[in-house]
There are 2 protein chains.
Amino acid sequence: MTLTAPVTADAAILHFPQPYLLFLGDVTEPGYAKTAFGLRDWARDQCVGELSCSPDAVSVGLPRFTPAEAKARGARSMLIGVANQGGRILDSWLPSLIEALEVGLDLVSGMHTKLSSTPALVATAERYNRRLIDIRTPPRDIPIASGRKRTGKRLLAVGTDCALGKKYTALAIAKALRQRGVAADFRATGQTGIMIAGSGMPMDAVISDFEAGAAELLSPDAAPDHWDIIEGQGSLFHPAYAAVSLGLLHGSQPDVIVVCHEPGRTHMLGHSHYEVPSIEDAIDLNLRLGRRTNPAVRCAGVSLNTSKLSPLEAERLIAAESARLGLPVADPIRGGEPFERLLDACLAEKSR
Amino acid sequence: MTLTAPVTADAAILHFPQPYLLFLGDVTEPGYAKTAFGLRDWARDQCVGELSCSPDAVSVGLPRFTPAEAKARGARSMLIGVANQGGRILDSWLPSLIEALEVGLDLVSGMHTKLSSTPALVATAERYNRRLIDIRTPPRDIPIASGRKRTGKRLLAVGTDCALGKKYTALAIAKALRQRGVAADFRATGQTGIMIAGSGMPMDAVISDFEAGAAELLSPDAAPDHWDIIEGQGSLFHPAYAAVSLGLLHGSQPDVIVVCHEPGRTHMLGHSHYEVPSIEDAIDLNLRLGRRTNPAVRCAGVSLNTSKLSPLEAERLIAAESARLGLPVADPIRGGEPFERLLDACLAEKSR
């Protein structure tokens with residue numbers, strides 16, 4: 001039995017058994033169910049239904065199934081779609097988790113507490129020959145980065161800070177490119193992204209020496225007109241996480257960056273004594289460092305997270321920022337003409 | 001019994017039992033005994049003697065002792081001072097390693113193969129209540145970096161590439177500052193450095209999310225006039241290791257950087273399709289990124305590794321580079337007037 005995710009020779013990144021039954025535990029606060037909502041919104045066809053273990057628990061609006069019912073409808077794993085303070089697997093969840101293993105579902109979790117360090121789950125998984133998949137565990141045998149330029153096109157969503165829309169920007173761009181008939185894959189680098197994509201690389205859990213190598217592994221050689229749309233992590237300006245961002249930037253070798261920003265955010269998340277950099281500084285520093293592994297890297301434009309603004313406020317800000325920066329600016333979640341222009345700029349060949 | 005290095009509340013960095021008996025195995029090629037030579041040169045008073053398990057093995061010129069003799073002369077551990085292709089602990093070494101444990105010495109190793117994954121050693125260590133200390137294993141519970149400015153002064157030796165003298169530059173500066181009566185500690189970030197110092201943080205083995213936090217842990221708050229002289233790792237320009245370098249730079253919050261370079265090296269070690277950056281570019285990029293966590297960071301000068309040059313060639317090059325860059329330039333191993341000027345510049349208050 002494999003307790004960690006498998007490593008295959010052709011693609012040594014994490015792959016997960018989809019579709020999922022989403023487990024909501026006894027979480028009553030929607031903010032703690034962000035993963036489940038993200039999966040519903042971005043991987044609806046990979047979500048068979050939902051299950052909670054309390055009548056008061058939050059719902060993401062999917063059909064409610066027992067593990068056995070979900071299995072009968074094609075589910076291959078049950079995924080813990082909620083978080084809590086400390087990231088712990090609660091005793092009250094265990095009966096549901098064990099039931100899922102017993103009926104033939106694997107378990108997928110991004111919690112801090114590992115499934116594989118929970119004895120009751122390990123024993124049941126062994127008995128029923130099921131897998132316990134901890135998303136925070138990177139694959140083994142990640143190589144040192146070679147720095148060799150790979151074939152195919154790559155876009156990396158970078159940010160002025162953490163947690164401001166890099167994942168959804170990358171997801172929206174990948175989806176829109178496919179709708180235009182472009183061969184494009186979303187490449188996940190964080191837990192929720194990996195759960196949505198069903199594969200990926202947990203970049204923040206990789207040992208530093210192998211960080212750029214992990215990014216190289218995540219987006220291998222591809223057809224010349226294929227695009228990997230890579231979820232960014234952290235920010236080069238973040239006093240704690242810049243190492244993750246730089247390893248990902250170097251290893252991704254992006255042809256194009258899109259800089260993600262949340263208007264109105266003035267200080268770094270969790271580090272209020274650090275100001276958020278300007279969009280211009282973020283563009284400049286990402287291009288300067290990105291040129292080391294891809295001299296042709298360019299910035300296609302800016303993704304603004306305008307979720308706190310009214311539609312009219314958002315429209316005005318997007319137009320003003322685009323004029324100020326001389327670049328396409330859009331909120332990919334709102335879409336529309338600005339987003340189409342941003343996509344055009346992503347696909348445009350570099351004019352040097 | 002603790003199989004990994006201890007974590008104490010006041011300083012959660014690795015600490016090792018000194019002095020050492022240096023173990024040379026059956027290595028005949030001096031290049032594979034770099035660690036032992038480095039310890040002899042930089043931590044002579046922490047080396048009781050040497051031991052090999054073959055009459056043809058290399059010697060570093062220390063007295064030859066059995067483990068029991070070394071123990072009687074105060075040794076607290078036997079340290080594997082050699083490397084080999086693959087970093088493996090050879091079967092032919094086991095009798096000596098086991099003998100050391102039996103007479104009361106701990107074992108210290110920086111090999112890829114962990115002491116703690118070698119069953120014969122684990123069994124003996126348990127039986128004799130000895131520690132197996134794998135230097136590549138970072139301490140547990142490294143915090144996320146806070147970015148909070150710490151008290152005391154810090155110098156970081158950065159580089160245009162890997163393996164060109166950052167460790168010896170930091171060691172030489174720390175030693176020379178102490179000779180001037182300045183309170184200064186060498187802070188080790190790589191295996192050999194950690195063995196020399198007897199403590200430190202294996203930065204390349206830390207999980208990326210905690211990289212800057214590990215650097216913060218390594219050089220805690222200190223007296224206002226105390227200097228931590230921090231060994232750099234990798235290079236911001238290295239396509240594989242820049243993440244390590246940036247996390248270390250951000251977490252170190254250096255007041256002063258010294259840029260280390262090897263004249264004549266044109267391409268990055270192990271990555272011959274990447275050119276070594278200019279010294280000016282290395283200064284500029286390190287200062288730009290370093291300002292994020294210490295806006296007052298400045299470059300005191302340049303350390304040149306002139307080991308491949310004659311004394312006269314070295315003297316001429318150092319003078320020419322100093323004139324060209326308008327900065328103190330020295331080879332700390334050669335010392336002399338240029339090195340004194342570099343030290344003066346390190347200690348000078350910033351004039352803004």
# chains A, B, ... in the order shown; residues from 1 in each chain; ligands from 1
$ residues_around --residues "Thr306 in chain A" --least-positions-apart "3" --cutoff "12 Å" --atoms "only C-alpha atoms" --output "list in words"
Leu164, Gly165, Cys260, His261, Glu262, Pro263, Gly264, Arg265, Ser303, Leu309, Ser310, Pro311, Leu312, Glu313, Ala314, Glu315, Arg316, Leu317, Ile318, Val329, Ala330, Asp331, Pro332, Ile333, Arg334 and Gly335 of chain A
$ interface_residues --of "chain B" --to "chain A" --cutoff "9 Å" --atoms "only C-alpha atoms" --output "mmCIF file with N, CA and C atoms, in the first residue's frame"
data_model
loop_
_atom_site.group_PDB
_atom_site.id
_atom_site.type_symbol
_atom_site.label_atom_id
_atom_site.label_comp_id
_atom_site.auth_asym_id
_atom_site.auth_seq_id
_atom_site.Cartn_x
_atom_site.Cartn_y
_atom_site.Cartn_z
ATOM 1 N N ILE B 144 7.581 30.425 10.500
ATOM 2 C CA ILE B 144 7.469 31.304 9.342
ATOM 3 C C ILE B 144 8.174 32.614 9.704
ATOM 4 N N ALA B 145 8.908 33.189 8.776
ATOM 5 C CA ALA B 145 9.629 34.436 9.072
ATOM 6 C C ALA B 145 8.655 35.536 9.475
ATOM 7 N N SER B 146 9.067 36.327 10.452
ATOM 8 C CA SER B 146 8.229 37.454 10.880
ATOM 9 C C SER B 146 8.562 38.719 10.108
ATOM 10 N N GLY B 147 9.795 38.824 9.622
ATOM 11 C CA GLY B 147 10.215 40.062 8.974
ATOM 12 C C GLY B 147 10.540 41.173 9.949
ATOM 13 N N ARG B 148 10.390 40.923 11.236
ATOM 14 C CA ARG B 148 10.682 41.934 12.257
ATOM 15 C C ARG B 148 12.189 42.210 12.282
ATOM 16 N N MET B 203 20.669 25.425 5.501
ATOM 17 C CA MET B 203 19.636 26.182 4.778
ATOM 18 C C MET B 203 19.094 25.452 3.562
ATOM 19 N N ASP B 204 19.941 24.673 2.875
ATOM 20 C CA ASP B 204 19.465 24.035 1.648
ATOM 21 C C ASP B 204 18.539 22.854 1.924
ATOM 22 N N ALA B 205 18.455 22.430 3.184
ATOM 23 C CA ALA B 205 17.599 21.297 3.533
ATOM 24 C C ALA B 205 16.288 21.734 4.181
ATOM 25 N N VAL B 206 16.087 23.038 4.299
ATOM 26 C CA VAL B 206 14.877 23.562 4.942
ATOM 27 C C VAL B 206 13.745 23.640 3.915
ATOM 28 N N ILE B 207 12.529 23.340 4.339
ATOM 29 C CA ILE B 207 11.360 23.449 3.457
ATOM 30 C C ILE B 207 11.149 24.921 3.076
ATOM 31 N N SER B 208 10.853 25.141 1.790
ATOM 32 C CA SER B 208 10.875 26.487 1.209
ATOM 33 C C SER B 208 10.077 27.514 1.997
ATOM 34 N N ASP B 209 8.897 27.123 2.455
ATOM 35 C CA ASP B 209 8.033 28.052 3.169
ATOM 36 C C ASP B 209 8.705 28.602 4.426
ATOM 37 N N PHE B 210 9.686 27.885 4.953
ATOM 38 C CA PHE B 210 10.317 28.246 6.214
ATOM 39 C C PHE B 210 11.744 28.771 6.019
ATOM 40 N N GLU B 211 12.141 28.986 4.770
ATOM 41 C CA GLU B 211 13.540 29.319 4.479
ATOM 42 C C GLU B 211 13.951 30.630 5.148
ATOM 43 N N ALA B 212 13.167 31.681 4.974
ATOM 44 C CA ALA B 212 13.519 32.955 5.599
ATOM 45 C C ALA B 212 13.394 32.842 7.123
ATOM 46 N N GLY B 213 12.425 32.079 7.596
ATOM 47 C CA GLY B 213 12.278 31.873 9.037
ATOM 48 C C GLY B 213 13.491 31.181 9.629
ATOM 49 N N LEU B 236 21.865 34.398 -6.084
ATOM 50 C CA LEU B 236 20.571 34.842 -6.630
ATOM 51 C C LEU B 236 20.485 34.590 -8.125
ATOM 52 N N PHE B 237 21.636 34.368 -8.768
ATOM 53 C CA PHE B 237 21.695 34.172 -10.215
ATOM 54 C C PHE B 237 21.751 32.696 -10.590
ATOM 55 N N HIS B 238 21.729 31.813 -9.606
ATOM 56 C CA HIS B 238 21.853 30.393 -9.923
ATOM 57 C C HIS B 238 20.482 29.821 -10.286
ATOM 58 N N PRO B 239 20.374 29.164 -11.451
ATOM 59 C CA PRO B 239 19.048 28.712 -11.893
ATOM 60 C C PRO B 239 18.437 27.627 -11.009
ATOM 61 N N ALA B 240 19.228 26.998 -10.157
ATOM 62 C CA ALA B 240 18.670 25.963 -9.279
ATOM 63 C C ALA B 240 18.557 26.429 -7.826
ATOM 64 N N TYR B 241 19.480 27.262 -7.358
ATOM 65 C CA TYR B 241 19.585 27.508 -5.913
ATOM 66 C C TYR B 241 19.212 28.912 -5.468
ATOM 67 N N ALA B 242 18.683 29.737 -6.370
ATOM 68 C CA ALA B 242 18.405 31.133 -6.009
ATOM 69 C C ALA B 242 17.363 31.241 -4.888
ATOM 70 N N ALA B 243 16.460 30.271 -4.802
ATOM 71 C CA ALA B 243 15.456 30.319 -3.741
ATOM 72 C C ALA B 243 16.135 30.268 -2.369
ATOM 73 N N VAL B 244 17.136 29.417 -2.243
ATOM 74 C CA VAL B 244 17.890 29.335 -0.990
ATOM 75 C C VAL B 244 18.543 30.685 -0.687
ATOM 76 N N SER B 245 19.158 31.273 -1.719
ATOM 77 C CA SER B 245 19.877 32.534 -1.538
ATOM 78 C C SER B 245 18.929 33.659 -1.123
ATOM 79 N N LEU B 246 17.743 33.720 -1.724
ATOM 80 C CA LEU B 246 16.830 34.821 -1.418
ATOM 81 C C LEU B 246 16.219 34.660 -0.026
ATOM 82 N N GLY B 247 15.843 33.440 0.341
ATOM 83 C CA GLY B 247 15.323 33.230 1.692
ATOM 84 C C GLY B 247 16.359 33.598 2.744
ATOM 85 N N LEU B 248 17.608 33.229 2.471
ATOM 86 C CA LEU B 248 18.691 33.552 3.415
ATOM 87 C C LEU B 248 18.919 35.060 3.473
ATOM 88 N N HIS B 250 16.696 37.528 2.768
ATOM 89 C CA HIS B 250 15.576 38.178 3.453
ATOM 90 C C HIS B 250 15.609 37.927 4.958
ATOM 91 N N GLY B 251 15.843 36.684 5.348
ATOM 92 C CA GLY B 251 15.811 36.357 6.773
ATOM 93 C C GLY B 251 17.022 36.870 7.532
ATOM 94 N N GLY B 270 28.203 23.663 -12.684
ATOM 95 C CA GLY B 270 27.217 22.629 -12.979
ATOM 96 C C GLY B 270 26.141 23.084 -13.945
ATOM 97 N N HIS B 271 26.168 24.324 -14.366
ATOM 98 C CA HIS B 271 25.152 24.862 -15.280
ATOM 99 C C HIS B 271 25.882 25.722 -16.312
ATOM 100 N N HIS B 273 25.565 26.459 -19.260
ATOM 101 C CA HIS B 273 24.867 27.319 -20.221
ATOM 102 C C HIS B 273 24.440 28.639 -19.571
ATOM 103 N N TYR B 274 24.838 28.870 -18.328
ATOM 104 C CA TYR B 274 24.537 30.138 -17.652
ATOM 105 C C TYR B 274 25.837 30.875 -17.345
ATOM 106 N N LEU B 289 17.156 43.430 -3.436
ATOM 107 C CA LEU B 289 16.307 42.468 -2.732
ATOM 108 C C LEU B 289 16.523 42.558 -1.222
ATOM 109 N N ARG B 292 14.430 44.971 1.077
ATOM 110 C CA ARG B 292 13.058 44.663 1.478
ATOM 111 C C ARG B 292 12.965 44.421 2.982
ATOM 112 N N THR B 293 13.964 43.760 3.562
ATOM 113 C CA THR B 293 13.897 43.487 5.005
ATOM 114 C C THR B 293 14.880 44.345 5.793
#
$ closest_residue --among "B:Cys162, B:Pro338, B:Tyr168, B:Arg64" --to "Met268 in chain B" --atoms "only C-alpha atoms"
B:Cys162
$ select_by_dssp --residues "range 146-298 of chain B" --states "strand (DSSP E or B)" --output "NGL selection string"
:B and (153-159 or 184-187 or 199-200 or 207 or 227-230 or 256-261 or 267-268 or 271-275 or 298)
$ select_by_dssp --residues "range 122-212 of chain A" --states "helix (DSSP H, G or I)" --output "tab-separated table (two decimals) with all heavy atoms, in the first residue's frame"
chain	number	residue	atom	x	y	z
A	122	VAL	N	-4.76	5.06	9.24
A	122	VAL	CA	-3.73	4.20	8.67
A	122	VAL	C	-4.16	2.74	8.75
A	122	VAL	O	-4.06	1.99	7.76
A	122	VAL	CB	-2.38	4.42	9.39
A	122	VAL	CG1	-1.34	3.38	8.94
A	122	VAL	CG2	-1.86	5.84	9.13
A	123	ALA	N	-4.70	2.35	9.90
A	123	ALA	CA	-5.12	0.95	10.09
A	123	ALA	C	-6.24	0.59	9.11
A	123	ALA	O	-6.21	-0.46	8.46
A	123	ALA	CB	-5.57	0.73	11.54
A	124	THR	N	-7.22	1.48	8.98
A	124	THR	CA	-8.34	1.19	8.08
A	124	THR	C	-7.89	1.17	6.62
A	124	THR	O	-8.31	0.32	5.83
A	124	THR	CB	-9.46	2.23	8.28
A	124	THR	OG1	-9.76	2.33	9.67
A	124	THR	CG2	-10.72	1.82	7.52
A	125	ALA	N	-7.04	2.12	6.27
A	125	ALA	CA	-6.56	2.17	4.89
A	125	ALA	C	-5.80	0.90	4.53
A	125	ALA	O	-5.94	0.35	3.43
A	125	ALA	CB	-5.67	3.41	4.68
A	126	GLU	N	-4.99	0.41	5.48
A	126	GLU	CA	-4.24	-0.82	5.22
A	126	GLU	C	-5.21	-1.99	5.04
A	126	GLU	O	-5.05	-2.80	4.12
A	126	GLU	CB	-3.29	-1.12	6.38
A	126	GLU	CG	-2.00	-0.33	6.26
A	126	GLU	CD	-1.00	-0.67	7.36
A	126	GLU	OE1	-1.30	-1.54	8.22
A	126	GLU	OE2	0.07	-0.05	7.36
A	127	ARG	N	-6.21	-2.04	5.89
A	127	ARG	CA	-7.15	-3.16	5.85
A	127	ARG	C	-7.92	-3.20	4.54
A	127	ARG	O	-8.17	-4.26	3.98
A	127	ARG	CB	-8.10	-3.01	7.05
A	127	ARG	CG	-9.03	-4.15	7.22
A	127	ARG	CD	-9.61	-4.19	8.63
A	127	ARG	NE	-10.78	-5.03	8.66
A	127	ARG	CZ	-11.79	-4.86	9.48
A	127	ARG	NH1	-11.76	-3.87	10.38
A	127	ARG	NH2	-12.82	-5.67	9.45
A	128	TYR	N	-8.31	-2.01	4.06
A	128	TYR	CA	-9.14	-1.96	2.85
A	128	TYR	C	-8.33	-1.61	1.60
A	128	TYR	O	-8.90	-1.35	0.54
A	128	TYR	CB	-10.29	-0.98	3.05
A	128	TYR	CG	-11.30	-1.49	4.04
A	128	TYR	CD1	-11.18	-1.19	5.40
A	128	TYR	CD2	-12.37	-2.30	3.63
A	128	TYR	CE1	-12.09	-1.68	6.33
A	128	TYR	CE2	-13.29	-2.79	4.55
A	128	TYR	CZ	-13.14	-2.49	5.89
A	128	TYR	OH	-14.04	-2.98	6.79
A	166	LYS	N	-4.09	34.85	-7.46
A	166	LYS	CA	-3.22	34.23	-8.45
A	166	LYS	C	-3.81	32.92	-8.99
A	166	LYS	O	-3.75	32.64	-10.18
A	166	LYS	CB	-1.82	33.96	-7.86
A	166	LYS	CG	-1.05	35.23	-7.56
A	166	LYS	CD	0.36	34.95	-7.08
A	166	LYS	CE	0.42	34.40	-5.68
A	166	LYS	NZ	0.11	35.36	-4.63
A	167	LYS	N	-4.36	32.12	-8.07
A	167	LYS	CA	-4.92	30.82	-8.49
A	167	LYS	C	-6.10	31.02	-9.44
A	167	LYS	O	-6.16	30.40	-10.50
A	167	LYS	CB	-5.35	30.04	-7.25
A	167	LYS	CG	-6.08	28.75	-7.55
A	167	LYS	CD	-6.37	27.97	-6.28
A	167	LYS	CE	-7.29	28.69	-5.33
A	167	LYS	NZ	-6.65	29.32	-4.19
A	168	TYR	N	-7.04	31.90	-9.07
A	168	TYR	CA	-8.23	32.08	-9.89
A	168	TYR	C	-7.89	32.79	-11.19
A	168	TYR	O	-8.51	32.55	-12.22
A	168	TYR	CB	-9.33	32.78	-9.09
A	168	TYR	CG	-9.84	31.88	-7.98
A	168	TYR	CD1	-9.92	32.31	-6.67
A	168	TYR	CD2	-10.22	30.56	-8.27
A	168	TYR	CE1	-10.37	31.46	-5.66
A	168	TYR	CE2	-10.66	29.71	-7.28
A	168	TYR	CZ	-10.74	30.15	-5.97
A	168	TYR	OH	-11.17	29.31	-4.99
A	169	THR	N	-6.87	33.64	-11.16
A	169	THR	CA	-6.41	34.26	-12.41
A	169	THR	C	-5.89	33.19	-13.36
A	169	THR	O	-6.26	33.16	-14.55
A	169	THR	CB	-5.30	35.29	-12.10
A	169	THR	OG1	-5.87	36.36	-11.33
A	169	THR	CG2	-4.69	35.85	-13.38
A	170	ALA	N	-5.06	32.29	-12.85
A	170	ALA	CA	-4.51	31.23	-13.71
A	170	ALA	C	-5.62	30.30	-14.20
A	170	ALA	O	-5.64	29.92	-15.37
A	170	ALA	CB	-3.43	30.45	-12.95
A	171	LEU	N	-6.54	29.96	-13.31
A	171	LEU	CA	-7.65	29.09	-13.72
A	171	LEU	C	-8.49	29.76	-14.81
A	171	LEU	O	-8.86	29.13	-15.81
A	171	LEU	CB	-8.53	28.76	-12.51
A	171	LEU	CG	-8.01	27.66	-11.58
A	171	LEU	CD1	-8.71	27.72	-10.23
A	171	LEU	CD2	-8.19	26.28	-12.22
A	172	ALA	N	-8.79	31.04	-14.62
A	172	ALA	CA	-9.63	31.75	-15.59
A	172	ALA	C	-8.93	31.90	-16.94
A	172	ALA	O	-9.56	31.76	-18.00
A	172	ALA	CB	-10.01	33.12	-15.04
A	173	ILE	N	-7.63	32.17	-16.89
A	173	ILE	CA	-6.89	32.31	-18.16
A	173	ILE	C	-6.83	30.96	-18.89
A	173	ILE	O	-7.06	30.89	-20.10
A	173	ILE	CB	-5.47	32.87	-17.90
A	173	ILE	CG1	-5.57	34.35	-17.47
A	173	ILE	CG2	-4.59	32.73	-19.15
A	173	ILE	CD1	-4.24	34.97	-17.05
A	174	ALA	N	-6.54	29.88	-18.14
A	174	ALA	CA	-6.47	28.56	-18.78
A	174	ALA	C	-7.82	28.19	-19.42
A	174	ALA	O	-7.88	27.70	-20.56
A	174	ALA	CB	-6.06	27.50	-17.75
A	175	LYS	N	-8.90	28.47	-18.68
A	175	LYS	CA	-10.23	28.14	-19.19
A	175	LYS	C	-10.56	28.96	-20.44
A	175	LYS	O	-11.04	28.43	-21.45
A	175	LYS	CB	-11.25	28.42	-18.09
A	175	LYS	CG	-12.68	28.04	-18.40
A	175	LYS	CD	-13.57	28.34	-17.19
A	175	LYS	CE	-15.04	28.09	-17.51
A	175	LYS	NZ	-15.89	28.50	-16.37
A	176	ALA	N	-10.26	30.26	-20.39
A	176	ALA	CA	-10.58	31.14	-21.52
A	176	ALA	C	-9.73	30.80	-22.74
A	176	ALA	O	-10.21	30.87	-23.88
A	176	ALA	CB	-10.37	32.60	-21.11
A	177	LEU	N	-8.48	30.42	-22.52
A	177	LEU	CA	-7.63	30.05	-23.66
A	177	LEU	C	-8.18	28.79	-24.32
A	177	LEU	O	-8.22	28.68	-25.56
A	177	LEU	CB	-6.18	29.85	-23.22
A	177	LEU	CG	-5.40	31.11	-22.84
A	177	LEU	CD1	-3.96	30.75	-22.47
A	177	LEU	CD2	-5.41	32.14	-23.96
A	178	ARG	N	-8.60	27.83	-23.50
A	178	ARG	CA	-9.17	26.61	-24.08
A	178	ARG	C	-10.44	26.93	-24.88
A	178	ARG	O	-10.68	26.35	-25.93
A	178	ARG	CB	-9.45	25.58	-22.99
A	178	ARG	CG	-8.19	24.87	-22.50
A	178	ARG	CD	-8.52	23.60	-21.70
A	178	ARG	NE	-9.29	23.91	-20.51
A	178	ARG	CZ	-8.74	24.17	-19.31
A	178	ARG	NH1	-7.44	24.13	-19.16
A	178	ARG	NH2	-9.50	24.44	-18.29
A	179	GLN	N	-11.24	27.89	-24.37
A	179	GLN	CA	-12.45	28.29	-25.10
A	179	GLN	C	-12.10	28.94	-26.43
A	179	GLN	O	-12.90	28.90	-27.37
A	179	GLN	CB	-13.29	29.24	-24.25
A	179	GLN	CG	-14.02	28.51	-23.12
A	179	GLN	CD	-14.65	29.46	-22.09
A	179	GLN	OE1	-14.36	30.64	-22.07
A	179	GLN	NE2	-15.51	28.90	-21.24
A	191	GLN	N	-2.40	23.95	-2.44
A	191	GLN	CA	-3.30	22.85	-2.10
A	191	GLN	C	-4.63	22.87	-2.84
A	191	GLN	O	-5.04	21.88	-3.44
A	191	GLN	CB	-3.59	22.88	-0.61
A	191	GLN	CG	-2.39	22.62	0.22
A	191	GLN	CD	-2.70	22.94	1.65
A	191	GLN	OE1	-3.50	22.25	2.25
A	191	GLN	NE2	-2.10	23.97	2.17
A	192	THR	N	-5.33	24.01	-2.77
A	192	THR	CA	-6.64	24.06	-3.41
A	192	THR	C	-6.50	23.90	-4.91
A	192	THR	O	-7.27	23.17	-5.55
A	192	THR	CB	-7.35	25.37	-3.05
A	192	THR	OG1	-7.44	25.46	-1.62
A	192	THR	CG2	-8.76	25.40	-3.62
A	193	GLY	N	-5.50	24.55	-5.47
A	193	GLY	CA	-5.26	24.41	-6.91
A	193	GLY	C	-5.01	22.96	-7.30
A	193	GLY	O	-5.52	22.48	-8.31
A	194	ILE	N	-4.23	22.26	-6.49
A	194	ILE	CA	-3.92	20.86	-6.78
A	194	ILE	C	-5.19	20.01	-6.71
A	194	ILE	O	-5.41	19.13	-7.54
A	194	ILE	CB	-2.84	20.34	-5.80
A	194	ILE	CG1	-1.50	21.02	-6.09
A	194	ILE	CG2	-2.70	18.81	-5.90
A	194	ILE	CD1	-0.43	20.76	-5.04
A	195	MET	N	-6.03	20.30	-5.72
A	195	MET	CA	-7.29	19.55	-5.61
A	195	MET	C	-8.19	19.81	-6.81
A	195	MET	O	-8.85	18.91	-7.32
A	195	MET	CB	-8.00	19.94	-4.32
A	195	MET	CG	-7.30	19.41	-3.07
A	195	MET	SD	-8.03	20.16	-1.59
A	195	MET	CE	-7.32	19.12	-0.29
A	196	ILE	N	-8.23	21.06	-7.26
A	196	ILE	CA	-9.05	21.41	-8.42
A	196	ILE	C	-8.52	20.71	-9.67
A	196	ILE	O	-9.28	20.10	-10.43
A	196	ILE	CB	-9.08	22.94	-8.63
A	196	ILE	CG1	-9.88	23.61	-7.50
A	196	ILE	CG2	-9.65	23.31	-10.00
A	196	ILE	CD1	-9.79	25.12	-7.46
A	197	ALA	N	-7.21	20.79	-9.87
A	197	ALA	CA	-6.62	20.23	-11.09
A	197	ALA	C	-6.53	18.70	-11.02
A	197	ALA	O	-6.48	18.04	-12.05
A	197	ALA	CB	-5.23	20.82	-11.31
A	203	MET	N	4.35	23.57	-3.90
A	203	MET	CA	5.65	24.25	-3.94
A	203	MET	C	6.13	24.69	-2.56
A	203	MET	O	7.33	24.70	-2.31
A	203	MET	CB	5.58	25.46	-4.88
A	203	MET	CG	5.44	25.12	-6.34
A	203	MET	SD	6.87	24.20	-7.03
A	203	MET	CE	8.17	25.44	-6.92
A	204	ASP	N	5.21	25.08	-1.67
A	204	ASP	CA	5.67	25.58	-0.38
A	204	ASP	C	6.17	24.48	0.54
A	204	ASP	O	6.76	24.77	1.58
A	204	ASP	CB	4.59	26.43	0.30
A	204	ASP	CG	3.34	25.63	0.63
A	204	ASP	OD1	3.30	24.42	0.35
A	204	ASP	OD2	2.40	26.23	1.17
A	205	ALA	N	5.93	23.22	0.17
A	205	ALA	CA	6.36	22.09	1.00
A	205	ALA	C	7.63	21.43	0.48
A	205	ALA	O	8.11	20.46	1.06
A	205	ALA	CB	5.23	21.07	1.09
A	208	SER	N	14.12	23.57	-0.03
A	208	SER	CA	14.57	24.75	-0.77
A	208	SER	C	15.51	24.43	-1.93
A	208	SER	O	15.40	25.01	-3.01
A	208	SER	CB	15.28	25.71	0.17
A	208	SER	OG	14.44	26.06	1.23
A	209	ASP	N	16.42	23.50	-1.72
A	209	ASP	CA	17.40	23.18	-2.74
A	209	ASP	C	16.74	22.66	-4.02
A	209	ASP	O	17.34	22.71	-5.09
A	209	ASP	CB	18.34	22.09	-2.21
A	209	ASP	CG	19.80	22.46	-2.38
A	209	ASP	OD1	20.09	23.64	-2.58
A	209	ASP	OD2	20.65	21.55	-2.28
A	210	PHE	N	15.53	22.14	-3.89
A	210	PHE	CA	14.84	21.50	-5.00
A	210	PHE	C	13.68	22.34	-5.53
A	210	PHE	O	12.90	21.88	-6.36
A	210	PHE	CB	14.35	20.11	-4.59
A	210	PHE	CG	15.45	19.22	-4.11
A	210	PHE	CD1	15.73	19.10	-2.76
A	210	PHE	CD2	16.23	18.52	-5.01
A	210	PHE	CE1	16.76	18.30	-2.30
A	210	PHE	CE2	17.27	17.71	-4.57
A	210	PHE	CZ	17.54	17.60	-3.22
A	211	GLU	N	13.55	23.58	-5.04
A	211	GLU	CA	12.37	24.39	-5.35
A	211	GLU	C	12.25	24.66	-6.86
A	211	GLU	O	11.20	24.43	-7.46
A	211	GLU	CB	12.44	25.70	-4.56
A	211	GLU	CG	11.20	26.57	-4.65
A	211	GLU	CD	9.99	26.00	-3.93
A	211	GLU	OE1	10.05	24.87	-3.41
A	211	GLU	OE2	8.96	26.70	-3.91
A	212	ALA	N	13.32	25.12	-7.46
A	212	ALA	CA	13.27	25.39	-8.91
A	212	ALA	C	13.12	24.08	-9.69
A	212	ALA	O	12.42	24.03	-10.70
A	212	ALA	CB	14.51	26.15	-9.36
$ closest_residue --among "B:Pro55, B:Pro224, B:Gly61, B:Pro119" --to "Asp91 in chain B" --atoms "only C-alpha atoms"
B:Pro119
$ residues_around --residues "Pro220 in chain B" --least-positions-apart "2" --cutoff "8 Å" --atoms "only C-alpha atoms" --output "PyMOL selection string"
chain B and resi 150-151+216-218+222
$ atom_distance --atom1 "CA of Gly31 in chain B" --atom2 "CA of Gln85 in chain B"
11.5 Å
$ atom_distance --atom1 "CA of Arg76 in chain B" --atom2 "CA of Leu132 in chain B"
12.2 Å
$ residues_around --residues "Pro67 in chain B" --least-positions-apart "6" --cutoff "9 Å" --atoms "only C-alpha atoms" --output "list in words"
Leu21, Leu51, Ala75, Met78, Ser96, Leu97, Glu99, Ala100, Leu101, Glu102, Val103, Gly104 and Leu105 of chain B
$ closest_residue --among "A:Ala33, A:Ala296, A:Leu155, A:Ala183" --to "Ala83 in chain A" --atoms "only C-alpha atoms"
A:Ala33
$ atom_distance --atom1 "CA of Ile89 in chain A" --atom2 "CA of Met111 in chain A"
7.2 Å
